[in-house]
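Printed here is query20.txt (compact mmCIF, C-alpha atoms):
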```
# COMPACT_ATOMS: atom_id res chain seq x y z
CA MET C 121 -68.74 -158.06 -125.45
CA GLN C 122 -66.53 -161.13 -125.94
CA LYS C 123 -67.85 -163.96 -128.12
CA GLU C 124 -67.79 -166.42 -125.19
CA GLU C 125 -69.75 -163.98 -123.06
CA MET C 126 -72.27 -163.60 -125.86
CA VAL C 127 -72.66 -167.40 -126.20
CA GLU C 128 -73.24 -167.66 -122.42
CA LYS C 129 -75.90 -164.95 -122.55
CA LEU C 130 -77.63 -166.68 -125.47
CA LYS C 131 -77.42 -169.99 -123.63
CA ALA C 132 -79.46 -168.55 -120.76
CA ILE C 133 -82.03 -167.22 -123.23
CA VAL C 134 -82.57 -170.48 -125.17
CA LYS C 135 -82.53 -172.77 -122.12
CA PRO C 136 -86.33 -172.92 -121.60
CA TYR C 137 -86.91 -173.93 -125.24
CA ILE C 138 -84.22 -176.54 -125.99
CA GLN C 139 -85.07 -180.20 -126.50
CA ASP C 140 -81.59 -181.65 -126.81
CA GLU C 141 -79.75 -181.40 -123.52
CA GLU C 142 -76.43 -182.72 -124.83
CA ALA C 143 -76.29 -180.24 -127.73
CA PHE C 144 -77.23 -177.51 -125.24
CA GLN C 145 -74.34 -178.42 -122.92
CA ASN C 146 -71.97 -178.22 -125.88
CA MET C 147 -73.53 -175.09 -127.37
CA ASN C 148 -71.02 -172.99 -129.29
CA GLU C 149 -70.88 -170.60 -132.25
CA SER C 150 -71.58 -173.34 -134.79
CA THR C 151 -74.71 -174.64 -132.98
CA ASP C 152 -77.95 -174.57 -134.97
CA PHE C 153 -81.07 -173.66 -132.98
CA ILE C 154 -83.38 -176.03 -134.85
CA ASN C 155 -81.18 -178.90 -136.08
CA ASP C 156 -78.99 -179.18 -132.97
CA LEU C 157 -80.96 -177.77 -130.02
CA LYS C 158 -84.30 -179.00 -131.54
CA ILE C 159 -86.05 -175.74 -130.66
CA ASN C 160 -89.39 -175.69 -132.49
CA SER C 161 -89.98 -172.79 -134.84
CA ALA C 162 -92.75 -171.15 -132.77
CA ASN C 163 -90.39 -171.16 -129.79
CA LEU C 164 -87.64 -169.73 -131.97
CA VAL C 165 -89.84 -166.64 -132.38
CA ASP C 166 -89.93 -166.49 -128.56
CA VAL C 167 -86.12 -166.68 -128.56
CA VAL C 168 -86.01 -163.68 -130.92
CA LEU C 169 -88.34 -161.72 -128.59
CA ASP C 170 -86.26 -162.67 -125.55
CA VAL C 171 -83.05 -161.59 -127.35
CA GLU C 172 -84.70 -158.22 -128.07
CA ASP C 173 -85.48 -157.80 -124.37
CA ALA C 174 -82.12 -159.03 -123.07
CA PHE C 175 -80.05 -156.77 -125.33
CA ASP C 176 -82.59 -153.94 -125.63
CA ILE C 177 -82.55 -154.08 -129.43
CA GLU C 178 -85.14 -154.45 -132.17
CA ILE C 179 -84.79 -157.36 -134.58
CA ASP C 180 -86.55 -156.52 -137.84
CA ASN C 181 -88.12 -159.23 -140.01
CA GLU C 182 -85.18 -159.29 -142.41
CA SER C 183 -82.74 -159.99 -139.56
CA MET C 184 -85.10 -162.48 -137.95
CA GLU C 185 -85.00 -164.60 -141.11
CA LYS C 186 -81.35 -165.37 -140.36
CA MET C 187 -81.80 -166.17 -136.64
CA LEU C 188 -81.26 -169.90 -137.20
CA ASN C 189 -77.94 -170.47 -135.49
CA VAL C 190 -75.71 -169.05 -132.79
CA SER C 191 -73.20 -167.37 -135.12
CA ASN C 192 -75.92 -165.51 -137.07
CA ALA C 193 -77.59 -164.47 -133.81
CA ILE C 194 -74.31 -163.03 -132.50
CA GLU C 195 -73.70 -161.20 -135.78
CA ILE C 196 -77.19 -159.67 -135.72
CA ILE C 197 -76.93 -158.65 -132.05
CA GLU C 198 -73.51 -157.03 -132.60
CA GLN C 199 -74.79 -155.20 -135.64
CA LYS C 200 -77.83 -153.86 -133.76
CA LEU C 201 -75.76 -152.84 -130.74
CA GLY C 202 -73.59 -150.85 -133.16
CA MET K 86 -94.96 -182.55 -153.00
CA VAL K 87 -96.44 -182.41 -149.55
CA GLY K 88 -95.78 -180.84 -146.15
CA ASN K 89 -97.56 -181.23 -142.84
CA ASP K 90 -97.53 -179.84 -139.33
CA ILE K 91 -99.25 -180.80 -136.08
CA VAL K 92 -99.60 -178.70 -132.92
CA ASP K 93 -100.49 -180.19 -129.53
CA LEU K 94 -102.86 -177.60 -128.05
CA ASP K 95 -101.93 -178.59 -124.51
CA LEU K 96 -98.33 -177.69 -125.18
CA ALA K 97 -98.83 -174.65 -127.42
CA ASP K 98 -99.25 -171.27 -125.75
CA LYS K 99 -102.97 -170.62 -126.08
CA GLU K 100 -102.45 -167.13 -124.70
CA ALA K 101 -99.99 -166.25 -127.47
CA TYR K 102 -102.72 -164.42 -129.41
CA LYS K 103 -102.68 -161.76 -126.68
CA ARG K 104 -98.97 -161.11 -127.16
CA GLU K 105 -98.76 -158.17 -129.54
CA ARG K 106 -95.04 -158.51 -130.19
CA PHE K 107 -95.38 -162.20 -131.03
CA LEU K 108 -98.21 -161.49 -133.45
CA GLU K 109 -96.25 -158.66 -135.10
CA LYS K 110 -93.48 -161.10 -135.93
CA VAL K 111 -95.64 -163.87 -137.34
CA LEU K 112 -98.93 -162.51 -138.73
CA SER K 113 -99.88 -160.11 -141.52
CA ALA K 114 -102.59 -157.47 -140.99
CA SER K 115 -105.20 -159.59 -142.78
CA GLU K 116 -104.33 -162.63 -140.66
CA GLU K 117 -104.74 -160.52 -137.51
CA LEU K 118 -108.15 -159.60 -138.84
CA TYR K 119 -109.08 -163.30 -139.25
CA LEU K 120 -107.89 -163.82 -135.67
CA SER K 121 -110.07 -161.02 -134.33
CA GLN K 122 -113.15 -162.52 -136.01
CA THR K 123 -113.02 -166.01 -134.50
CA ASP K 124 -114.63 -167.22 -131.29
CA ASP K 125 -111.52 -169.11 -130.25
CA PRO K 126 -108.43 -167.01 -131.06
CA GLY K 127 -106.32 -169.10 -128.65
CA SER K 128 -106.61 -172.13 -130.97
CA PHE K 129 -107.05 -170.23 -134.23
CA LEU K 130 -103.58 -168.68 -133.97
CA TRP K 131 -102.24 -172.24 -134.16
CA VAL K 132 -104.43 -172.96 -137.20
CA LEU K 133 -102.63 -170.10 -138.95
CA TRP K 134 -99.29 -171.25 -137.59
CA SER K 135 -99.69 -174.86 -138.78
CA MET K 136 -100.75 -173.60 -142.23
CA LYS K 137 -97.57 -171.52 -142.40
CA GLU K 138 -95.36 -174.28 -141.04
CA SER K 139 -96.71 -177.00 -143.36
CA ALA K 140 -96.28 -174.65 -146.34
CA TYR K 141 -92.77 -173.80 -145.15
CA LYS K 142 -91.85 -177.49 -145.16
CA LEU K 143 -93.15 -177.85 -148.71
CA HIS K 144 -91.42 -174.65 -149.81
CA PHE K 145 -88.15 -175.81 -148.24
CA ARG K 146 -88.44 -179.13 -150.05
CA LYS K 147 -88.68 -177.19 -153.30
CA TYR K 148 -86.07 -174.48 -152.82
CA LEU K 149 -83.87 -175.72 -149.95
CA THR K 150 -83.65 -172.23 -148.47
CA ARG K 151 -83.92 -171.99 -144.71
CA ALA K 152 -85.29 -168.90 -142.97
CA LEU K 153 -87.31 -167.92 -139.91
CA ASN K 154 -89.88 -165.93 -141.87
CA PRO K 155 -93.43 -166.91 -140.89
CA ILE K 156 -94.77 -163.49 -141.82
CA ARG K 157 -93.88 -164.04 -145.49
CA PHE K 158 -96.21 -167.05 -145.61
CA ARG K 159 -99.65 -165.49 -146.14
CA CYS K 160 -102.75 -167.48 -145.20
CA PHE K 161 -106.07 -167.22 -146.99
CA PHE K 162 -109.29 -169.21 -146.58
CA ASP K 163 -111.54 -170.51 -149.35
CA CYS K 164 -114.84 -169.56 -147.68
CA ASP K 165 -114.51 -166.73 -145.21
CA ASN K 166 -118.10 -167.04 -144.05
CA GLU K 167 -117.72 -170.72 -143.24
CA LEU K 168 -114.47 -170.27 -141.44
CA GLY K 169 -113.76 -173.43 -139.52
CA ALA K 170 -117.12 -175.12 -139.99
CA GLN K 171 -116.89 -178.48 -138.15
CA GLY K 172 -113.29 -177.72 -137.33
CA ARG K 173 -112.18 -177.98 -140.98
CA PHE K 174 -110.36 -175.19 -142.77
CA LYS K 175 -109.60 -175.22 -146.48
CA GLY K 176 -107.26 -172.53 -147.59
CA ARG K 177 -104.02 -171.58 -149.25
CA VAL K 178 -100.68 -170.15 -148.29
CA GLU K 179 -98.90 -167.77 -150.65
CA VAL K 180 -95.18 -167.10 -150.53
CA GLY K 181 -92.86 -165.57 -153.11
CA GLY K 182 -95.21 -166.20 -156.03
CA GLU K 183 -95.99 -169.78 -154.98
CA VAL K 184 -99.43 -170.96 -153.89
CA TYR K 185 -99.79 -174.00 -151.66
CA HIS K 186 -103.19 -175.48 -150.84
CA THR K 187 -103.92 -176.44 -147.27
CA ASN K 188 -106.36 -178.59 -145.35
CA THR K 189 -106.54 -178.08 -141.61
CA ILE K 190 -108.29 -180.02 -138.88
CA LEU K 191 -108.86 -178.30 -135.55
CA CYS K 192 -110.08 -180.42 -132.66
CA LYS K 193 -110.00 -180.09 -128.90
CA ASP K 194 -106.52 -181.56 -128.56
CA TYR K 195 -104.59 -180.60 -131.69
CA VAL K 196 -104.36 -178.71 -134.97
CA HIS K 197 -103.10 -180.52 -138.06
CA THR K 198 -102.48 -179.10 -141.53
CA THR K 199 -101.39 -180.76 -144.74
CA ALA K 200 -100.15 -178.56 -147.58
CA ILE K 201 -99.87 -179.62 -151.21
CA GLU K 202 -98.55 -177.94 -154.31
CA GLY K 203 -101.25 -176.97 -156.76
CA ARG K 204 -104.47 -178.92 -156.91
CA GLU K 205 -102.89 -182.20 -157.81
CA ASP K 206 -105.33 -185.02 -158.19
CA PHE K 207 -103.18 -187.58 -156.43
CA ARG K 208 -104.48 -188.63 -153.09
CA ILE K 209 -102.78 -187.51 -149.93
CA GLN K 210 -102.71 -190.13 -147.24
CA SER K 211 -102.62 -188.41 -143.89
CA GLU K 212 -103.29 -189.62 -140.38
CA GLU K 213 -102.90 -188.33 -136.84
CA VAL K 214 -101.51 -190.63 -134.18
CA SER K 215 -101.28 -190.19 -130.44
CA ALA K 216 -99.17 -191.58 -127.63
CA GLY K 217 -99.45 -191.15 -123.89
CA SER K 218 -96.11 -189.38 -123.80
CA ALA K 219 -93.91 -187.33 -126.10
CA ILE K 220 -91.14 -189.92 -125.94
CA LYS K 221 -92.54 -192.57 -128.27
CA ILE K 222 -94.43 -190.31 -130.61
CA ARG K 223 -91.82 -189.93 -133.38
CA GLU K 224 -91.35 -193.69 -133.62
CA LYS K 225 -95.10 -194.26 -133.62
CA THR K 226 -95.67 -191.67 -136.36
CA ILE K 227 -93.01 -193.22 -138.62
CA ASP K 228 -94.47 -196.67 -137.99
CA ALA K 229 -97.96 -195.49 -139.00
CA LEU K 230 -96.50 -193.87 -142.13
CA VAL K 231 -94.71 -197.05 -143.20
CA ARG K 232 -97.79 -199.20 -142.54
CA SER K 233 -100.00 -196.82 -144.52
CA MET K 234 -98.12 -197.93 -147.65
CA ASP K 235 -99.42 -201.48 -147.18
CA ALA K 236 -102.98 -200.25 -146.80
CA ALA K 237 -102.64 -198.19 -149.94
CA SER K 238 -100.95 -201.09 -151.75
CA VAL K 239 -98.24 -198.72 -152.92
CA LEU K 240 -95.15 -200.19 -151.33
CA ARG K 241 -94.70 -203.13 -148.99
CA SER K 242 -93.98 -202.01 -145.48
CA ASP K 243 -91.47 -204.85 -144.92
CA LYS K 244 -89.41 -203.65 -147.90
CA ILE K 245 -89.23 -199.95 -147.14
CA GLU K 246 -87.35 -197.76 -144.77
CA PHE K 247 -87.88 -194.26 -143.49
CA THR K 248 -84.88 -192.05 -144.02
CA LYS K 249 -83.76 -188.44 -144.28
CA ASP K 250 -81.44 -187.06 -146.93
CA ALA K 251 -78.51 -184.68 -146.38
CA ASN K 252 -80.92 -181.73 -146.27
CA GLY K 253 -83.00 -183.38 -143.56
CA LEU K 254 -85.84 -184.13 -145.99
CA PRO K 255 -87.80 -187.29 -145.17
CA PHE K 256 -88.28 -190.10 -147.72
CA LEU K 257 -89.57 -193.65 -147.81
CA ILE K 258 -87.14 -195.81 -149.72
CA ASP K 259 -87.33 -199.23 -151.31
CA ALA K 260 -83.68 -199.88 -152.04
CA CYS K 261 -84.35 -202.95 -154.22
CA LYS K 262 -86.76 -201.19 -156.52
CA GLY K 263 -84.89 -197.88 -156.35
CA ILE K 264 -87.98 -196.02 -155.17
CA PHE K 265 -87.65 -192.75 -153.25
CA LYS K 266 -90.97 -191.44 -152.07
CA PRO K 267 -91.10 -187.96 -150.52
CA CYS K 268 -93.18 -187.71 -147.36
CA SER K 269 -93.68 -185.39 -144.43
CA ILE K 270 -93.81 -186.13 -140.72
CA SER K 271 -94.54 -183.88 -137.78
CA HIS K 272 -94.82 -184.44 -134.05
CA HIS K 273 -95.47 -182.19 -131.08
CA GLY K 274 -96.18 -183.26 -127.52
CA ARG K 275 -98.57 -186.22 -127.48
CA PHE K 276 -99.40 -186.09 -131.19
CA GLY K 277 -97.80 -186.97 -134.48
CA ALA K 278 -98.95 -187.01 -138.10
CA TYR K 279 -97.65 -187.87 -141.53
CA ALA K 280 -98.61 -186.94 -145.06
CA VAL K 281 -97.64 -188.75 -148.23
CA ALA K 282 -98.87 -188.79 -151.82
CA ILE K 283 -100.21 -192.17 -152.92
```

Would you put the structure from the file into structure tokens?
Amino acid sequence: MQKEEMVEKLKAIVKPYIQDEEAFQNMNESTDFINDLKINSANLVDVVLDVEDAFDIEIDNESMEKMLNVSNAIEIIEQKLG
Amino acid sequence: MVGNDIVDLDLADKEAYKRERFLEKVLSASEELYLSQTDDPGSFLWVLWSMKESAYKLHFRKYLTRALNPIRFRCFFDCDNELGAQGRFKGRVEVGGEVYHTNTILCKDYVHTTAIEGREDFRIQSEEVSAGSAIKIREKTIDALVRSMDAASVLRSDKIEFTKDANGLPFLIDACKGIFKPCSISHHGRFGAYAVAI
């Protein structure tokens, strides 16, 4: 999967939880889920669960710790997809 | 040092306690046991969450390490048999060898926890504020925090400013006197709260 495609897929997943529309419109690999998109941390757990469903992968606790920004999320998803 | 967290119970998912996969990612086995023993698990999950989140803020202030790791923050209560008497919970959160002490208020509309390091004898000034909408709540919370300094005769509200440092940590500053006072603010939905040592 291309990086852009991955960002688009993540964009659809985070959409219900974002609180900064402008940062969401400009979402890219360097976007931070909490600092930029203002997703609250309980909702970020929901994002992790939705990523698991969308990509049919399991994100263990150690990987979840790093799910704070788009680039880490992509790295974790790619690693789990193998 | 102090951390705090408020949850608007209208906005929080009160059905989240039924979601096994959510619980697996955020609660330990002993916390799930606490949850199964309460009459109101829908709200109690957010008691645990706000304990973890307020401790996380304090822990971040100390170590500056970011992580999405709620499960590592382990909640305990001082008196198991009086769990939540009058909507008050005294407890502690343990993480990586640290122990943070917590005070939680649970009412119909919100859950609010303040976490402090150790059993310091300084007083924590803490207050919940509400606004009709989510839009003004951050402003209103900061305003109440600044004004609380007048009431406590610590700093003069007309001389201080609320600011965040490069790590996003909140402070009250009096530039003339060179005072930097750490504080914590939280807002969610209709509610906001602050905590500050005085």

Compute the distance from (-103.7, -174.0, -141.3) to each atom, counting only C-alpha atoms, keep the residues with any atom at most 7 Å away, and return them as a ChimeraX atom specification; use the coordinates of the file. /K:132-137,174,187-189,198

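For chain C, the residues having at least one atom no farther than 10 Å from chain K, when counting only C-alpha atoms, are Asn155, Asn160, Ser161, Ala162, Asn163, Leu164, Val165, Asp166, Val168, Leu169, Ile179, Asp180, Asn181, Glu182, Ser183, Met184, Glu185, Lys186, Met187 and Leu188 of chain C.
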
I'd like the neighbourhood of Gln139 in chain C as a list in words, where a residue qualifies if any of its atoms comes within 12 Å (using all atoms listed in the file), though same-chain residues fewer than 4 positions away should be ignored. Val134, Lys135, Ala143, Phe144, Gln145, Phe153, Ile154, Asn155, Asp156, Leu157, Lys158, Ile159, Asn160 and Asn163 of chain C; Ala219, Ile220, His273 and Gly274 of chain K

Writing out the chosen residues with C-alpha atoms as a PDB file, in the coordinates of the input:
```pdb
ATOM      1  CA  VAL C 134     -82.570-170.480-125.170  1.00  0.00           C
ATOM      2  CA  LYS C 135     -82.530-172.770-122.120  1.00  0.00           C
ATOM      3  CA  ALA C 143     -76.290-180.240-127.730  1.00  0.00           C
ATOM      4  CA  PHE C 144     -77.230-177.510-125.240  1.00  0.00           C
ATOM      5  CA  GLN C 145     -74.340-178.420-122.920  1.00  0.00           C
ATOM      6  CA  PHE C 153     -81.070-173.660-132.980  1.00  0.00           C
ATOM      7  CA  ILE C 154     -83.380-176.030-134.850  1.00  0.00           C
ATOM      8  CA  ASN C 155     -81.180-178.900-136.080  1.00  0.00           C
ATOM      9  CA  ASP C 156     -78.990-179.180-132.970  1.00  0.00           C
ATOM     10  CA  LEU C 157     -80.960-177.770-130.020  1.00  0.00           C
ATOM     11  CA  LYS C 158     -84.300-179.000-131.540  1.00  0.00           C
ATOM     12  CA  ILE C 159     -86.050-175.740-130.660  1.00  0.00           C
ATOM     13  CA  ASN C 160     -89.390-175.690-132.490  1.00  0.00           C
ATOM     14  CA  ASN C 163     -90.390-171.160-129.790  1.00  0.00           C
TER      15      ASN C 163
ATOM     16  CA  ALA K 219     -93.910-187.330-126.100  1.00  0.00           C
ATOM     17  CA  ILE K 220     -91.140-189.920-125.940  1.00  0.00           C
ATOM     18  CA  HIS K 273     -95.470-182.190-131.080  1.00  0.00           C
ATOM     19  CA  GLY K 274     -96.180-183.260-127.520  1.00  0.00           C
TER      20      GLY K 274
END
```

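Minimum atom-to-atom distance to Glu172 in chain C, evaluated using all atoms listed in the file, belongs to C:Ile197 out of C:Tyr137, C:Met147, C:Glu142, C:Ile197.
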
Which residues are near Ala237 in chain K? Cut-off 12 Å, only C-alpha atoms, ignore same chain within fewer than 2 positions. Put them as a count of residues only. 17

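Put simply, CA of His144 in chain K is 25.0 Å away from CA of Glu224 in chain K.
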
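When only C-alpha atoms are used to measure the gap to Ala174 in chain C, the shortest distance among C:Leu130, C:Ile138, C:Asn146, C:Asn189 belongs to C:Leu130.
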
I'd like the interatomic distance between CA of Ala114 in chain K and CA of Asp170 in chain C, to a tenth of an Å. 23.1 Å

In Å, rounded to a single decimal, give me how far CA of Arg146 in chain K is from CA of Arg177 in chain K. 17.3 Å

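With all atoms listed in the file as the atoms that count, the residue of K:Gly277, K:Gly88, K:Gly127, K:Gly172 with the shortest distance to Leu254 in chain K is K:Gly88.
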
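Nearest residue to Ser191 in chain C, choosing from C:Glu178, C:Glu149, C:Glu125, C:Asp173 and counting only C-alpha atoms: C:Glu149.
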
Sel. within 12 Å of pt (-97.3, -173.6, -153.2), counting all atoms listed in the file, output as a ChimeraX atom specification: /K:86-88,136-137,139-148,158-160,176-187,199-205
